[in-house]
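Structure file target-v4.tsv with TSV, C-alpha atoms and all ligand atoms:
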```
chain	number	residue	atom	x	y	z
G	14	MET	CA	-27.17	-0.32	33.34
G	15	LEU	CA	-25.43	-3.40	32.00
G	16	SER	CA	-28.05	-6.03	32.83
G	17	GLY	CA	-27.11	-9.19	30.98
G	18	THR	CA	-24.72	-7.65	28.43
G	19	ASP	CA	-21.11	-8.82	28.40
G	20	PRO	CA	-19.20	-5.96	30.14
G	21	VAL	CA	-16.00	-6.51	28.14
G	22	LYS	CA	-17.96	-6.26	24.90
G	23	LEU	CA	-19.61	-3.06	26.12
G	24	MET	CA	-16.26	-1.49	27.09
G	25	LYS	CA	-14.81	-2.36	23.68
G	26	GLN	CA	-17.86	-0.99	21.90
G	27	GLN	CA	-17.86	2.32	23.77
G	28	VAL	CA	-14.16	2.93	23.32
G	29	GLY	CA	-14.25	1.96	19.63
G	30	PHE	CA	-17.18	4.29	18.99
G	31	THR	CA	-15.50	7.16	20.90
G	32	ALA	CA	-12.33	6.89	18.80
G	33	ALA	CA	-14.32	6.82	15.55
G	34	ASP	CA	-16.18	9.96	16.63
G	35	ARG	CA	-12.84	11.83	16.69
G	36	VAL	CA	-12.27	11.25	12.96
G	37	GLN	CA	-12.97	14.25	10.74
G	38	SER	CA	-14.21	14.50	7.16
G	39	GLY	CA	-11.50	14.22	4.51
G	40	ALA	CA	-9.20	12.13	6.73
G	41	ILE	CA	-7.00	9.24	5.64
G	42	VAL	CA	-7.62	6.72	8.42
G	43	GLY	CA	-5.48	3.75	9.47
G	44	LEU	CA	-7.87	0.90	10.28
G	45	GLY	CA	-6.50	-1.39	13.01
G	46	THR	CA	-7.21	-5.04	13.68
G	47	GLY	CA	-9.09	-6.83	16.46
G	48	SER	CA	-12.43	-6.91	18.21
G	49	THR	CA	-12.18	-3.37	19.66
G	50	THR	CA	-11.17	-1.69	16.42
G	51	ALA	CA	-13.99	-3.55	14.68
G	52	TYR	CA	-16.42	-1.31	16.59
G	53	ALA	CA	-14.54	1.79	15.42
G	54	ILE	CA	-14.77	0.60	11.80
G	55	GLN	CA	-18.48	-0.07	12.24
G	56	ARG	CA	-19.02	3.45	13.63
G	57	LEU	CA	-17.03	5.07	10.82
G	58	GLY	CA	-19.27	3.26	8.35
G	59	ASP	CA	-22.40	4.38	10.21
G	60	ARG	CA	-21.19	7.99	10.24
G	61	LEU	CA	-20.51	7.87	6.50
G	62	LYS	CA	-23.93	6.43	5.85
G	63	SER	CA	-25.68	9.12	7.93
G	64	GLY	CA	-23.73	11.91	6.20
G	65	ASP	CA	-22.12	13.03	9.48
G	66	LEU	CA	-18.72	12.12	7.97
G	67	LYS	CA	-17.60	12.61	4.35
G	68	ASP	CA	-14.70	11.72	2.06
G	69	ILE	CA	-12.62	9.52	4.34
G	70	LYS	CA	-10.38	6.76	3.03
G	71	GLY	CA	-9.17	3.79	5.06
G	72	ILE	CA	-5.82	2.03	5.04
G	73	PRO	CA	-6.39	-1.48	6.44
G	74	THR	CA	-3.81	-3.17	8.66
G	75	SER	CA	-5.03	-6.68	7.88
G	76	PHE	CA	-7.32	-8.85	5.79
G	77	GLN	CA	-9.84	-8.61	8.66
G	78	ALA	CA	-9.81	-4.79	8.62
G	79	SER	CA	-10.19	-4.75	4.86
G	80	VAL	CA	-13.20	-7.11	4.96
G	81	LEU	CA	-14.88	-5.03	7.71
G	82	ALA	CA	-14.23	-1.77	5.87
G	83	LYS	CA	-15.87	-3.15	2.74
G	84	GLN	CA	-18.79	-4.48	4.81
G	85	TYR	CA	-19.38	-1.04	6.36
G	86	GLY	CA	-18.88	0.94	3.14
G	87	ILE	CA	-15.55	2.61	3.91
G	88	PRO	CA	-13.55	3.35	0.72
G	89	LEU	CA	-10.01	1.97	0.91
G	90	THR	CA	-6.67	3.24	-0.34
G	91	THR	CA	-3.02	2.15	-0.08
G	92	LEU	CA	0.29	3.66	0.94
G	93	ASP	CA	1.16	3.88	-2.75
G	94	GLU	CA	-1.73	6.28	-3.31
G	95	VAL	CA	-1.41	8.65	-0.34
G	96	ASP	CA	1.47	10.51	1.27
G	97	ARG	CA	-0.04	10.84	4.73
G	98	ILE	CA	-2.21	9.09	7.31
G	99	ASP	CA	-4.12	11.59	9.42
G	100	VAL	CA	-5.29	9.26	12.15
G	101	ALA	CA	-4.97	5.57	12.97
G	102	ILE	CA	-7.19	3.67	15.41
G	103	ASP	CA	-5.93	0.34	16.73
G	104	GLY	CA	-6.24	-1.98	19.71
G	105	ALA	CA	-3.51	-3.39	21.96
G	106	ASP	CA	-2.85	-6.42	24.14
G	107	GLU	CA	-0.95	-4.50	26.82
G	108	VAL	CA	-0.47	-0.77	27.52
G	109	ASP	CA	2.13	0.49	30.01
G	110	PRO	CA	2.08	3.86	31.83
G	111	GLN	CA	4.35	5.39	29.13
G	112	LYS	CA	1.76	4.39	26.46
G	113	ASN	CA	4.09	1.74	25.07
G	114	LEU	CA	2.29	-1.35	23.79
G	115	ILE	CA	2.40	-5.02	23.10
G	116	LYS	CA	0.37	-5.81	19.99
G	117	GLY	CA	-0.03	-8.83	17.72
G	118	GLY	CA	-2.76	-10.82	19.45
G	119	GLY	CA	-4.30	-11.06	15.99
G	120	ALA	CA	-0.92	-11.68	14.28
G	121	ALA	CA	-1.28	-8.38	12.42
G	122	HIS	CA	1.41	-6.35	14.20
G	123	THR	CA	3.77	-6.04	11.22
G	124	ARG	CA	1.30	-4.13	9.04
G	125	GLU	CA	-0.14	-2.42	12.11
G	126	LYS	CA	3.28	-0.98	12.97
G	127	VAL	CA	3.74	0.37	9.44
G	128	VAL	CA	0.35	2.09	9.45
G	129	ASP	CA	0.16	3.18	13.10
G	130	SER	CA	3.65	4.68	13.15
G	131	LEU	CA	2.94	6.72	10.00
G	132	ALA	CA	-0.20	8.29	11.47
G	133	GLU	CA	-0.15	11.93	12.50
G	134	LEU	CA	-2.42	10.90	15.39
G	135	PHE	CA	-2.37	7.32	16.68
G	136	ILE	CA	-5.29	6.49	18.96
G	137	VAL	CA	-5.14	3.22	20.92
G	138	VAL	CA	-8.45	1.72	22.00
G	139	VAL	CA	-8.50	-0.78	24.88
G	140	ASP	CA	-10.66	-2.03	27.70
G	141	SER	CA	-9.24	-1.57	31.18
G	142	SER	CA	-7.95	-5.17	31.41
G	143	LYS	CA	-5.12	-4.23	29.00
G	144	LEU	CA	-3.40	-1.77	31.39
G	145	VAL	CA	-0.16	-3.10	32.94
G	146	THR	CA	2.65	-1.65	35.01
G	147	ALA	CA	5.32	-3.40	32.88
G	148	LEU	CA	5.05	-4.89	29.38
G	149	GLY	CA	5.28	-8.67	29.09
G	150	THR	CA	3.63	-9.39	32.44
G	151	THR	CA	0.28	-10.64	31.14
G	152	PHE	CA	0.82	-11.27	27.41
G	153	ALA	CA	3.53	-13.10	25.47
G	154	LEU	CA	5.35	-10.96	22.90
G	155	PRO	CA	4.39	-11.88	19.30
G	156	VAL	CA	7.26	-12.07	16.81
G	157	GLU	CA	6.59	-12.58	13.07
G	158	VAL	CA	9.23	-14.84	11.52
G	159	LEU	CA	10.07	-16.15	8.04
G	160	PRO	CA	9.10	-19.87	8.07
G	161	MET	CA	12.59	-21.05	7.00
G	162	ALA	CA	14.15	-19.21	9.97
G	163	ILE	CA	11.89	-20.54	12.75
G	164	ALA	CA	14.59	-22.76	14.34
G	165	PRO	CA	17.47	-20.22	14.54
G	166	VAL	CA	15.14	-17.38	15.59
G	167	THR	CA	13.69	-19.61	18.35
G	168	ARG	CA	17.22	-20.28	19.65
G	169	ALA	CA	18.10	-16.57	19.53
G	170	LEU	CA	14.94	-15.63	21.46
G	171	GLU	CA	15.67	-18.32	24.08
G	172	ALA	CA	19.19	-16.88	24.45
G	173	LEU	CA	17.51	-13.55	25.31
G	174	GLY	CA	15.71	-15.31	28.19
G	175	GLY	CA	12.38	-15.95	26.48
G	176	THR	CA	10.20	-19.05	26.51
G	177	VAL	CA	9.13	-19.52	22.92
G	178	GLU	CA	5.96	-21.07	21.51
G	179	LEU	CA	4.96	-21.38	17.85
G	180	ARG	CA	1.43	-19.96	17.55
G	181	MET	CA	-0.98	-22.67	16.39
G	182	GLY	CA	-4.19	-22.22	14.46
G	183	VAL	CA	-7.69	-22.53	15.88
G	184	LYS	CA	-9.97	-24.67	13.70
G	185	LYS	CA	-6.90	-25.17	11.47
G	186	ASP	CA	-4.24	-27.83	11.97
G	187	GLY	CA	-0.70	-26.48	12.11
G	188	PRO	CA	0.68	-23.00	12.72
G	189	VAL	CA	-0.98	-19.62	12.25
G	190	ILE	CA	0.07	-18.12	8.92
G	191	THR	CA	0.09	-14.31	8.82
G	192	ASP	CA	-1.38	-12.15	6.06
G	193	GLN	CA	2.18	-12.01	4.67
G	194	GLY	CA	2.63	-15.82	4.68
G	195	ASN	CA	4.89	-15.99	7.74
G	196	MET	CA	4.63	-17.60	11.21
G	197	VAL	CA	4.36	-16.16	14.71
G	198	LEU	CA	6.43	-17.04	17.77
G	199	ASP	CA	4.89	-16.01	21.11
G	200	VAL	CA	7.69	-15.23	23.54
G	201	THR	CA	7.15	-15.10	27.30
G	202	PHE	CA	9.56	-12.94	29.30
G	203	ALA	CA	9.35	-12.37	33.07
G	204	ALA	CA	8.78	-8.66	32.29
G	205	ILE	CA	10.35	-6.45	29.66
G	206	ALA	CA	12.52	-3.98	31.58
G	207	ASN	CA	13.60	-1.90	28.57
G	208	PRO	CA	11.00	-2.15	25.75
G	209	ALA	CA	12.87	0.23	23.40
G	210	GLU	CA	16.05	-1.86	23.59
G	211	MET	CA	14.17	-5.17	23.33
G	212	GLU	CA	12.24	-3.99	20.25
G	213	VAL	CA	15.47	-3.25	18.37
G	214	THR	CA	17.35	-6.32	19.65
G	215	ILE	CA	14.63	-8.72	18.47
G	216	ASN	CA	14.18	-6.99	15.11
G	217	ASN	CA	17.95	-7.39	14.51
G	218	ILE	CA	17.71	-11.20	14.58
G	219	PRO	CA	17.93	-12.36	10.94
G	220	GLY	CA	14.61	-13.88	9.87
G	221	VAL	CA	12.48	-11.66	12.16
G	222	LEU	CA	10.02	-9.48	10.25
G	223	GLU	CA	8.66	-7.51	13.18
G	224	ASN	CA	7.86	-7.87	16.87
G	225	GLY	CA	4.82	-6.60	18.74
G	226	LEU	CA	6.56	-3.95	20.88
G	227	PHE	CA	5.29	-0.47	19.93
G	228	VAL	CA	7.53	2.07	21.68
G	229	ASN	CA	6.97	5.86	21.48
G	230	VAL	CA	4.33	5.45	18.77
G	231	THR	CA	1.10	6.13	20.69
G	232	ASP	CA	-0.40	9.61	20.95
G	233	VAL	CA	-3.68	8.91	22.76
G	234	VAL	CA	-4.93	5.93	24.77
G	235	LEU	CA	-8.70	5.64	25.19
G	236	ILE	CA	-9.76	3.20	27.91
G	237	GLY	CA	-13.18	1.64	28.19
G	238	GLU	CA	-14.16	0.78	31.74
G	239	ILE	CA	-17.17	0.02	33.88
G	240	LYS	CA	-18.13	2.63	36.47
G	241	ASP	CA	-21.26	2.44	38.59
G	242	GLY	CA	-22.59	-0.25	36.28
G	243	GLU	CA	-22.12	1.83	33.09
G	244	ALA	CA	-19.52	1.56	30.34
G	245	ILE	CA	-17.52	4.81	30.21
G	246	VAL	CA	-14.44	5.98	28.31
G	247	ARG	CA	-11.51	7.90	29.76
G	248	GLU	CA	-8.31	9.19	28.21
G	249	MET	CA	-5.00	8.09	29.73
X	301	LIG	C1	-3.93	-7.55	16.37
X	301	LIG	C2	-3.77	-6.64	17.55
X	301	LIG	C3	-5.02	-6.25	18.26
X	301	LIG	O1	-5.17	-4.87	18.13
X	301	LIG	C4	-4.91	-6.67	19.70
X	301	LIG	O2	-4.73	-8.07	19.74
X	301	LIG	C5	-6.15	-6.27	20.49
X	301	LIG	O3	-7.27	-6.99	20.05
X	301	LIG	P1	-8.70	-6.87	20.71
X	301	LIG	O4	-9.19	-5.47	20.46
X	301	LIG	O5	-9.52	-7.94	20.01
X	301	LIG	O6	-8.58	-7.14	22.18
X	301	LIG	O7	-2.71	-6.22	17.92
X	301	LIG	O8	-2.69	-7.95	15.87
```

How would this structure read if it were set down as C-alpha cells?
Amino acid sequence: MLSGTDPVKLMKQQVGFTAADRVQSGAIVGLGTGSTTAYAIQRLGDRLKSGDLKDIKGIPTSFQASVLAKQYGIPLTTLDEVDRIDVAIDGADEVDPQKNLIKGGGAAHTREKVVDSLAELFIVVVDSSKLVTALGTTFALPVEVLPMAIAPVTRALEALGGTVELRMGVKKDGPVITDQGNMVLDVTFAAIANPAEMEVTINNIPGVLENGLFVNVTDVVLIGEIKDGEAIVREM
C-alpha cells in the first residue's frame, strides 16, 4: 500500500526499474534524461553492483544523465566509439495512442532524439499522467534554437499558429541554456493534428536545432500507474 509515499514518485520508480530490468549484459544503453529515467539509471547501477548485469556501457543524453551514470557506476561511451545502441530508456512529457511523443521538458530533446532514434529498442517510461489523445494538448512543444535566431524563429512559429514563450531558468536569472549552449522556445498549439508534418516543418526553420516531437521512434511504452493502492506497470 502507498501510505504516505508520493504516488507519482512511486509510479516513476516502478516504471524506471521495470525498464532497467529488461537490459541484458553486454548492451550499449542510451541513458535518457528526467526524473523517471533517473530511476532506471539507478537500477542499472544496482544491477551492475550486484553482478546481475555485466559489461554494459551507457550513452548519456544530457549532462544530468552523465552525472547520474557516474554516481551509480555505469561506464560511459560515445557515438564515436560504438556503431550501435542496443536499447535506450527515456521519459516523455506526452504520449499519444500511436506512441508518438512530446519530449524536452528537461531541455535535452536534441541529444535525446539522436540517441533514442539510433536505438534498436527504444523504451519510453512514463507515469499515467503523460498519456494524451492528441499531442500538444497538455504540454507546450519545446524547440531548441540558436540564440542569434530567437527573434526570426519566434515569428516563424507564431505564423504556424503557436504561442511562443522563451523558457526561463529556475534559480537562475535569464533564459535556460541547453547542454549545447542554445535556448528553448516553448510553443503552445491548440493540438498538433499531424505530428509527422509538424516535426519536419519546424525543423526546416533556419536556426532551429531540434523540436521535441518524436514520431515513429518509440518501440515500447511502459506506463506506471496506481491500481488498488499499489504502483503497477503495464505495457501500452
Ligand atoms: C527531458 C525529457 C524528459 O524525458 C521528460 O521531460 C520527462 O521527464 P520526467 O521523467 O522527469 O517526467 O524529455 O528533456

Quiz item: Which is closer to ligand LIG 301 (chain X) than all the others in G:Glu248, G:Asp129, G:Glu243, G:Asp140, using only C-alpha atoms and all ligand atoms?
Solution: G:Asp140

Exercise. Enumerate as a PyMOL selection string the residues within 7 Å of ligand LIG 301 (chain X), counting only C-alpha atoms and all ligand atoms.
Key: chain G and resi 45-50+103-106+116-122+139

Practice problem: Compile the contact shell of range 57-63 of chain G as a VMD selection string: residues with an atom at most 9 Å away, counting only C-alpha atoms, same-chain residues fewer than 3 positions apart removed. | Solution: chain G and resid 30 33 to 34 36 52 to 54 66 to 69 82 84 to 87

Quiz item: By how many Å are CA of Asp109 in chain G and CA of Ile245 in chain G apart?
Solution: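 Computing it gives 20.1 Å between the two atoms.
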
Exercise. Find the residue from G:Ala206, G:Glu178, G:Ile98, G:Met24 that sits nearest to Glu133 in chain G; use all atoms listed in the file when measuring.
Key: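 That would be G:Ile98, the residue with the smallest distance to Glu133 in chain G.
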
Axis-aligned box for all listed atoms of range 135-143 of chain G, 3 Å per side, centre and edges in Å to one decimal, as AutoDock Vina command-line options:
```
--center_x -6.5 --center_y 1.1 --center_z 24.0 --size_x 14.3 --size_y 18.5 --size_z 20.7
```

Practice problem: Measure the distance from CA of Ile136 in chain G to CA of Ala32 in chain G in Å and round it to one decimal. | Solution: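 If I compute the distance from CA of Ile136 in chain G to CA of Ala32 in chain G, I get 7.1 Å.
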
Exercise. Extract, using all atoms listed in the file, all DNA, RNA and protein residues at most 12 Å from Val100 in chain G, discarding same-chain residues fewer than 6 positions from it, and format them as a PyMOL selection string.
Key: chain G and resi 32-45+69-72+128-137+231-233

Practice problem: Go through G:Val183, G:Leu154, G:Ile163, G:Val177 and flag the residue nearest Gly225 in chain G, using only C-alpha atoms for the distances. | Solution: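 Checking each of G:Val183, G:Leu154, G:Ile163, G:Val177 against Gly225 in chain G, counting only C-alpha atoms, the winner is G:Leu154.
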
Self-check item: Between CA of Val230 in chain G and CA of Asn113 in chain G, distance in Å (one decimal)
Solution: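 About the pair CA of Val230 in chain G and CA of Asn113 in chain G: they are 7.3 Å apart.
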
Quiz item: Of the candidates G:Val246, G:Leu89, G:Val108, G:Ile239, which shows the shortest atom-to-atom distance to Thr150 in chain G, using only C-alpha atoms?
Solution: G:Val108

Self-check item: Closest of G:Glu125, G:Leu198, G:Glu238, G:Ala169 to Met181 in chain G - atom-to-atom distances counting all atoms listed in the file
Solution: G:Leu198

Exercise. Considering all atoms listed in the file, state which residue in the set G:Leu81, G:Ala153, G:Leu170, G:Val138 is at the smallest distance from Ala101 in chain G.
Key: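 Closest to Ala101 in chain G of all the choices is G:Val138.
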
Could you pull the residues within 9 Å of Asn229 in chain G, counting only C-alpha atoms, minus those fewer than 5 positions along the same chain, as an mmCIF file with C-alpha atoms, in the frame of the given file?
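The resulting file, selection.cif, is reproduced below:
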```cif
data_model
loop_
_atom_site.group_PDB
_atom_site.id
_atom_site.type_symbol
_atom_site.label_atom_id
_atom_site.label_comp_id
_atom_site.auth_asym_id
_atom_site.auth_seq_id
_atom_site.Cartn_x
_atom_site.Cartn_y
_atom_site.Cartn_z
ATOM 1 C CA GLN G 111 4.350 5.390 29.130
ATOM 2 C CA LYS G 112 1.760 4.390 26.460
ATOM 3 C CA ASN G 113 4.090 1.740 25.070
ATOM 4 C CA LEU G 114 2.290 -1.350 23.790
ATOM 5 C CA ALA G 209 12.870 0.230 23.400
#
```

I'd like the neighbourhood of range 171-176 of chain G as a PDB file with C-alpha atoms, in the coordinates of the input, where a residue qualifies if any of its atoms comes within 6 Å (using all atoms listed in the file), though same-chain residues fewer than 4 positions away should be ignored.
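Saved to result-v7.pdb:
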```pdb
ATOM      1  CA  VAL G 200       7.690 -15.230  23.540  1.00  0.00           C
ATOM      2  CA  THR G 201       7.150 -15.100  27.300  1.00  0.00           C
ATOM      3  CA  PHE G 202       9.560 -12.940  29.300  1.00  0.00           C
TER       4      PHE G 202
END
```
